[in-house]
Amino acid sequence: MTSVESTPPPLLGATEIRRLAGELDVRPTKTLGQNFVIDGNTIRRIVATAKLDPTETVLEVGPGLGSLTLGLLDAAARVVAVEIDPKLAARLPQTAAEFRPDKAANLTVVLSDALKITELEHPPTALVANLPYNVAVPVVLHLLEHFPSLQHGLVMVQDEVADRMAAGPGNKTYGVPSVKGAWYGTMRKAGVIGMNVFWPAPKINSGLVSFERGTPPETTATRREVFAVIDAAFAQRRKTLRAALAGWAGSPALAEAALLAAGIDPQARGEKLGIAEFAAIAEAKVAQEPAAP
């Protein structure tokens with residue numbers, strides 16, 4: 001008796017996506033950064049690359065018409081989808097019931113701006129999302145800050161943003177997203193997605209960024225204090241740290257004192273430093289400040 005390979009459950013293609021959009025009178029908008037995935041193989045690739053455990057609760061931001069949502073329902077125990085568009089949020093449970101009747105109860109839809117969410121009924125362990133290009137980095141950093149339950153994830157973003165998020169010290173694309181991301185863990189580029197798998201097709205490729213939560217560097221400085229140093233260093237990235245951090249520290253001399261106390265060359269530039277060194281600078285500055293009376 002020969003075994004028959006099971007056919008993978010159907011995913012939304014171009015026909016279904018356009019049918020749903022027409023039914024809802026939805027036109028993808030640049031304002032919300034909407035580009036809907038219309039290729040099932042791309043969805044399967046994203047889900048496979050995310051390496052989800054079947055017991056996980058996955059957070060999806062910007063599910064749109066549900067292309068990725070269906071793939072996530074196949075791979076995880078629960079999907080929490082955060083959607084800012086009321087029409088799309090209202091239709092998503094119906095789409096899940098239509099295409100995944102046995103998994104529809106595992107979907108929770110939250111109508112909200114992801115940048116404003118600080119708690120969820122079901123704490124997510126993974127983030128998998130096709131993120132709007134204009135808010136991708138703030139959304140990832142916000143969610144990592146407010147949801148310590150998030151241990152790993154995979155996000156699809158504009159390709160050059162993916163490069164910035166995953167860059168290491170000394171790389172020309174290294175900057176604020178790279179360093180702040182490193183505070184939370186390890187980020188790496190996990191692939192490139194072409195333009196033709198989206199509707200409407202963007203003008204540039206997308207990149208996949210995979211992350212694993214780690215432990216922030218040991219420091220007595222707070223995350224906010226460390227991030228303030230990072231922002232100052234890259235606001236004038238061509239300047240030496242002594243000059244770039246002058247406003248943050250109060251003067252070039254105070255910036256130099258903090259840098260020397262942290263064991264950093266005042267003539268170095270921010271693009272050469274890792275997250276541990278930025279934490280050391282913040283800690284040195286705090287240590288120099290006079291104690292409150």
# chains A, B, ... in the order shown; residues from 1 in each chain; ligands from 1
$ residues_around --residues "stretch 178-187 of chain A" --least-positions-apart "3" --cutoff "10 Å" --atoms "only C-alpha atoms" --output "PyMOL selection string"
chain A and resi 137+140-141+144-145+148+151-154+161-169+173-175+190+209-217+223+226-227+230-231+270-271+273-276+278-279
$ closest_residue --among "A:Leu11, A:Ala243, A:Ala201, A:Ala126" --to "A:Gly71" --atoms "only C-alpha atoms"
A:Leu11
$ residues_around --residues "A:Asn205" --least-positions-apart "2" --cutoff "10 Å" --atoms "only C-alpha atoms" --output "list in words"
Val157, Gln158, Asp159, Glu160, Val192, Ile193, Gly194, Met195, Asn196, Ala201, Pro202, Lys203 and Gly207 of chain A
$ atom_distance --atom1 "atom CA of A:Ile46" --atom2 "atom CA of A:Gly66"
14.0 Å
$ select_by_dssp --residues "stretch 68-132 of chain A" --states "strand (DSSP E)" --output "PyMOL selection string"
chain A and resi 78-83+107-111+126-130
$ residues_around --residues "A:Val79" --least-positions-apart "5" --cutoff "10 Å" --atoms "only C-alpha atoms" --output "ChimeraX atom specification"
/A:56-60,69-70,72-74,103-109,122,124,126-128
$ closest_residue --among "A:Val61, A:Ala287, A:Ala253, A:Ala268" --to "A:Lys239" --atoms "only C-alpha atoms"
A:Ala268
$ select_by_dssp --residues "stretch 153-209 of chain A" --states "alpha helix (DSSP H)" --output "PyMOL selection string"
chain A and resi 159-166+176-184
$ write_last_selection --atoms "all heavy atoms" --output "CSV table (one decimal), in the first residue's frame"
chain,number,residue,atom,x,y,z
A,159,ASP,N,14.2,46.0,2.7
A,159,ASP,CA,15.5,45.3,2.7
A,159,ASP,C,16.6,46.2,3.4
A,159,ASP,O,17.4,45.6,4.1
A,159,ASP,CB,15.9,45.0,1.3
A,159,ASP,CG,17.0,43.9,1.2
A,159,ASP,OD1,17.1,43.1,2.1
A,159,ASP,OD2,17.8,44.0,0.3
A,160,GLU,N,16.6,47.4,3.1
A,160,GLU,CA,17.7,48.3,3.7
A,160,GLU,C,17.5,48.4,5.2
A,160,GLU,O,18.5,48.6,6.0
A,160,GLU,CB,17.8,49.6,3.0
A,160,GLU,CG,16.6,50.5,3.1
A,160,GLU,CD,16.8,51.8,2.4
A,160,GLU,OE1,17.4,51.8,1.3
A,160,GLU,OE2,16.3,52.8,2.9
A,161,VAL,N,16.3,48.4,5.7
A,161,VAL,CA,16.0,48.4,7.1
A,161,VAL,C,16.5,47.1,7.7
A,161,VAL,O,17.0,47.1,8.8
A,161,VAL,CB,14.5,48.7,7.4
A,161,VAL,CG1,14.2,48.6,8.9
A,161,VAL,CG2,14.1,50.0,6.9
A,162,ALA,N,16.3,46.0,7.0
A,162,ALA,CA,16.7,44.7,7.5
A,162,ALA,C,18.3,44.8,7.7
A,162,ALA,O,18.8,44.3,8.7
A,162,ALA,CB,16.4,43.6,6.6
A,163,ASP,N,19.0,45.3,6.8
A,163,ASP,CA,20.4,45.5,6.9
A,163,ASP,C,20.8,46.3,8.1
A,163,ASP,O,21.8,45.9,8.8
A,163,ASP,CB,21.0,46.1,5.6
A,163,ASP,CG,20.9,45.2,4.4
A,163,ASP,OD1,20.9,43.9,4.6
A,163,ASP,OD2,20.9,45.7,3.2
A,164,ARG,N,20.1,47.4,8.3
A,164,ARG,CA,20.4,48.2,9.5
A,164,ARG,C,20.1,47.5,10.8
A,164,ARG,O,20.9,47.6,11.7
A,164,ARG,CB,19.6,49.5,9.4
A,164,ARG,CG,20.1,50.5,8.3
A,164,ARG,CD,19.7,51.9,8.7
A,164,ARG,NE,18.2,52.1,8.5
A,164,ARG,CZ,17.7,52.5,7.3
A,164,ARG,NH1,18.4,52.7,6.3
A,164,ARG,NH2,16.4,52.7,7.3
A,165,MET,N,19.0,46.8,10.9
A,165,MET,CA,18.7,46.1,12.1
A,165,MET,C,19.7,45.0,12.5
A,165,MET,O,20.0,44.8,13.6
A,165,MET,CB,17.3,45.5,12.0
A,165,MET,CG,16.2,46.5,11.9
A,165,MET,SD,14.5,45.7,11.6
A,165,MET,CE,14.2,44.9,13.2
A,166,ALA,N,20.3,44.4,11.4
A,166,ALA,CA,21.2,43.2,11.7
A,166,ALA,C,22.6,43.6,11.7
A,166,ALA,O,23.5,42.7,11.9
A,166,ALA,CB,20.9,42.2,10.6
A,176,VAL,N,21.4,53.4,14.9
A,176,VAL,CA,20.5,53.3,16.1
A,176,VAL,C,19.7,52.0,16.1
A,176,VAL,O,19.6,51.3,17.2
A,176,VAL,CB,19.6,54.5,16.1
A,176,VAL,CG1,18.5,54.3,17.2
A,176,VAL,CG2,20.4,55.8,16.4
A,177,PRO,N,19.1,51.6,15.0
A,177,PRO,CA,18.3,50.3,15.1
A,177,PRO,C,19.2,49.1,15.4
A,177,PRO,O,18.8,48.2,16.2
A,177,PRO,CB,17.8,50.1,13.6
A,177,PRO,CG,17.8,51.5,13.1
A,177,PRO,CD,19.0,52.2,13.7
A,178,SER,N,20.5,49.1,14.9
A,178,SER,CA,21.4,48.0,15.2
A,178,SER,C,21.7,47.9,16.7
A,178,SER,O,21.6,46.8,17.3
A,178,SER,CB,22.7,48.2,14.4
A,178,SER,OG,22.5,48.8,13.2
A,179,VAL,N,22.1,49.1,17.3
A,179,VAL,CA,22.5,49.1,18.7
A,179,VAL,C,21.4,48.8,19.7
A,179,VAL,O,21.5,48.0,20.6
A,179,VAL,CB,23.2,50.4,19.1
A,179,VAL,CG1,24.0,50.2,20.3
A,179,VAL,CG2,24.1,50.9,18.0
A,180,LYS,N,20.2,49.5,19.4
A,180,LYS,CA,19.1,49.3,20.3
A,180,LYS,C,18.6,47.8,20.2
A,180,LYS,O,18.2,47.3,21.2
A,180,LYS,CB,18.0,50.3,20.0
A,180,LYS,CG,18.4,51.7,20.4
A,180,LYS,CD,17.2,52.7,20.2
A,180,LYS,CE,17.6,54.1,20.7
A,180,LYS,NZ,16.5,55.1,20.5
A,181,GLY,N,18.6,47.3,19.0
A,181,GLY,CA,18.2,45.9,18.9
A,181,GLY,C,19.1,45.0,19.6
A,181,GLY,O,18.6,44.0,20.3
A,182,ALA,N,20.4,45.3,19.7
A,182,ALA,CA,21.4,44.5,20.4
A,182,ALA,C,21.2,44.5,21.9
A,182,ALA,O,21.6,43.6,22.6
A,182,ALA,CB,22.8,44.9,20.0
A,183,TRP,N,20.5,45.5,22.4
A,183,TRP,CA,20.2,45.6,23.8
A,183,TRP,C,19.3,44.4,24.2
A,183,TRP,O,19.4,43.8,25.3
A,183,TRP,CB,19.5,46.9,24.2
A,183,TRP,CG,18.9,47.0,25.6
A,183,TRP,CD1,17.7,46.6,26.0
A,183,TRP,CD2,19.6,47.4,26.7
A,183,TRP,NE1,17.5,46.8,27.3
A,183,TRP,CE2,18.7,47.3,27.8
A,183,TRP,CE3,20.9,47.9,27.0
A,183,TRP,CZ2,19.1,47.7,29.1
A,183,TRP,CZ3,21.2,48.3,28.3
A,183,TRP,CH2,20.3,48.2,29.3
A,184,TYR,N,18.4,44.0,23.3
A,184,TYR,CA,17.4,43.0,23.6
A,184,TYR,C,17.9,41.6,23.2
A,184,TYR,O,17.4,40.6,23.7
A,184,TYR,CB,16.1,43.3,22.9
A,184,TYR,CG,15.4,44.5,23.4
A,184,TYR,CD1,15.4,45.7,22.6
A,184,TYR,CD2,14.8,44.5,24.6
A,184,TYR,CE1,14.8,46.9,23.1
A,184,TYR,CE2,14.2,45.7,25.1
A,184,TYR,CZ,14.2,46.9,24.3
A,184,TYR,OH,13.6,48.0,24.8
$ residues_around --residues "A:Pro200" --least-positions-apart "2" --cutoff "10 Å" --atoms "only C-alpha atoms" --output "PyMOL selection string"
chain A and resi 27-30+34-38+195-198+202-203
$ write_last_selection --atoms "N, CA and C atoms" --output "PDB file, in the first residue's frame"
ATOM      1  N   ARG A  27      -8.498  49.444  -0.446  1.00  0.00           N
ATOM      2  CA  ARG A  27      -7.380  49.704  -1.355  1.00  0.00           C
ATOM      3  C   ARG A  27      -6.132  49.867  -0.499  1.00  0.00           C
ATOM      4  N   PRO A  28      -5.114  49.053  -0.737  1.00  0.00           N
ATOM      5  CA  PRO A  28      -3.891  49.162   0.074  1.00  0.00           C
ATOM      6  C   PRO A  28      -3.360  50.598   0.065  1.00  0.00           C
ATOM      7  N   THR A  29      -3.028  51.107   1.256  1.00  0.00           N
ATOM      8  CA  THR A  29      -2.587  52.497   1.353  1.00  0.00           C
ATOM      9  C   THR A  29      -1.125  52.607   1.750  1.00  0.00           C
ATOM     10  N   LYS A  30      -0.453  53.606   1.183  1.00  0.00           N
ATOM     11  CA  LYS A  30       0.934  53.876   1.569  1.00  0.00           C
ATOM     12  C   LYS A  30       0.995  54.374   3.007  1.00  0.00           C
ATOM     13  N   GLN A  34       0.634  49.270   3.586  1.00  0.00           N
ATOM     14  CA  GLN A  34       0.015  47.977   3.283  1.00  0.00           C
ATOM     15  C   GLN A  34       0.497  47.410   1.955  1.00  0.00           C
ATOM     16  N   ASN A  35       1.152  46.264   2.026  1.00  0.00           N
ATOM     17  CA  ASN A  35       1.510  45.472   0.852  1.00  0.00           C
ATOM     18  C   ASN A  35       1.171  44.030   1.212  1.00  0.00           C
ATOM     19  N   PHE A  36       0.122  43.491   0.595  1.00  0.00           N
ATOM     20  CA  PHE A  36      -0.370  42.169   0.967  1.00  0.00           C
ATOM     21  C   PHE A  36       0.391  41.075   0.218  1.00  0.00           C
ATOM     22  N   VAL A  37       0.809  40.040   0.941  1.00  0.00           N
ATOM     23  CA  VAL A  37       1.495  38.907   0.316  1.00  0.00           C
ATOM     24  C   VAL A  37       0.469  38.057  -0.420  1.00  0.00           C
ATOM     25  N   ILE A  38       0.763  37.742  -1.695  1.00  0.00           N
ATOM     26  CA  ILE A  38      -0.192  36.992  -2.519  1.00  0.00           C
ATOM     27  C   ILE A  38       0.399  35.662  -2.993  1.00  0.00           C
ATOM     28  N   MET A 195       9.874  41.546  -4.991  1.00  0.00           N
ATOM     29  CA  MET A 195       8.752  42.489  -5.018  1.00  0.00           C
ATOM     30  C   MET A 195       7.454  41.875  -5.538  1.00  0.00           C
ATOM     31  N   ASN A 196       7.568  40.850  -6.393  1.00  0.00           N
ATOM     32  CA  ASN A 196       6.390  40.356  -7.118  1.00  0.00           C
ATOM     33  C   ASN A 196       5.459  39.473  -6.301  1.00  0.00           C
ATOM     34  N   VAL A 197       5.821  39.195  -5.054  1.00  0.00           N
ATOM     35  CA  VAL A 197       4.943  38.356  -4.219  1.00  0.00           C
ATOM     36  C   VAL A 197       3.957  39.224  -3.425  1.00  0.00           C
ATOM     37  N   PHE A 198       3.973  40.521  -3.677  1.00  0.00           N
ATOM     38  CA  PHE A 198       3.097  41.452  -2.956  1.00  0.00           C
ATOM     39  C   PHE A 198       2.082  42.090  -3.901  1.00  0.00           C
ATOM     40  N   PRO A 202       5.827  46.511  -4.062  1.00  0.00           N
ATOM     41  CA  PRO A 202       6.639  47.668  -3.672  1.00  0.00           C
ATOM     42  C   PRO A 202       7.745  47.902  -4.697  1.00  0.00           C
ATOM     43  N   LYS A 203       8.429  49.026  -4.568  1.00  0.00           N
ATOM     44  CA  LYS A 203       9.482  49.367  -5.528  1.00  0.00           C
ATOM     45  C   LYS A 203      10.843  48.793  -5.124  1.00  0.00           C
TER      46      LYS A 203
END
$ closest_residue --among "A:Ala282, A:Ala258, A:Val82, A:Ala136" --to "A:Met156" --atoms "only C-alpha atoms"
A:Ala136
$ atom_distance --atom1 "atom CA of A:Ile84" --atom2 "atom CA of A:Ala48"
26.2 Å
$ residues_around --residues "A:Leu120" --least-positions-apart "5" --cutoff "10 Å" --atoms "only C-alpha atoms" --output "PDB file with N, CA, C and O atoms, in the first residue's frame"
ATOM      1  N   LEU A  59       2.560  36.481  18.035  1.00  0.00           N
ATOM      2  CA  LEU A  59       2.028  37.832  17.841  1.00  0.00           C
ATOM      3  C   LEU A  59       2.288  38.233  16.393  1.00  0.00           C
ATOM      4  O   LEU A  59       3.423  38.189  15.921  1.00  0.00           O
ATOM      5  N   VAL A  80      -2.160  35.867  17.978  1.00  0.00           N
ATOM      6  CA  VAL A  80      -2.753  37.137  18.400  1.00  0.00           C
ATOM      7  C   VAL A  80      -2.401  38.152  17.319  1.00  0.00           C
ATOM      8  O   VAL A  80      -1.226  38.468  17.120  1.00  0.00           O
ATOM      9  N   VAL A 110      -6.930  41.833  17.765  1.00  0.00           N
ATOM     10  CA  VAL A 110      -6.925  43.038  18.597  1.00  0.00           C
ATOM     11  C   VAL A 110      -6.901  44.250  17.677  1.00  0.00           C
ATOM     12  O   VAL A 110      -5.966  44.410  16.885  1.00  0.00           O
ATOM     13  N   PHE A 147       6.972  43.388  26.136  1.00  0.00           N
ATOM     14  CA  PHE A 147       6.584  41.980  26.223  1.00  0.00           C
ATOM     15  C   PHE A 147       7.812  41.091  26.433  1.00  0.00           C
ATOM     16  O   PHE A 147       8.343  40.518  25.477  1.00  0.00           O
TER      17      PHE A 147
END
$ closest_residue --among "A:Glu277, A:Asp265, A:Val135, A:Pro86" --to "A:Ala114" --atoms "only C-alpha atoms"
A:Val135
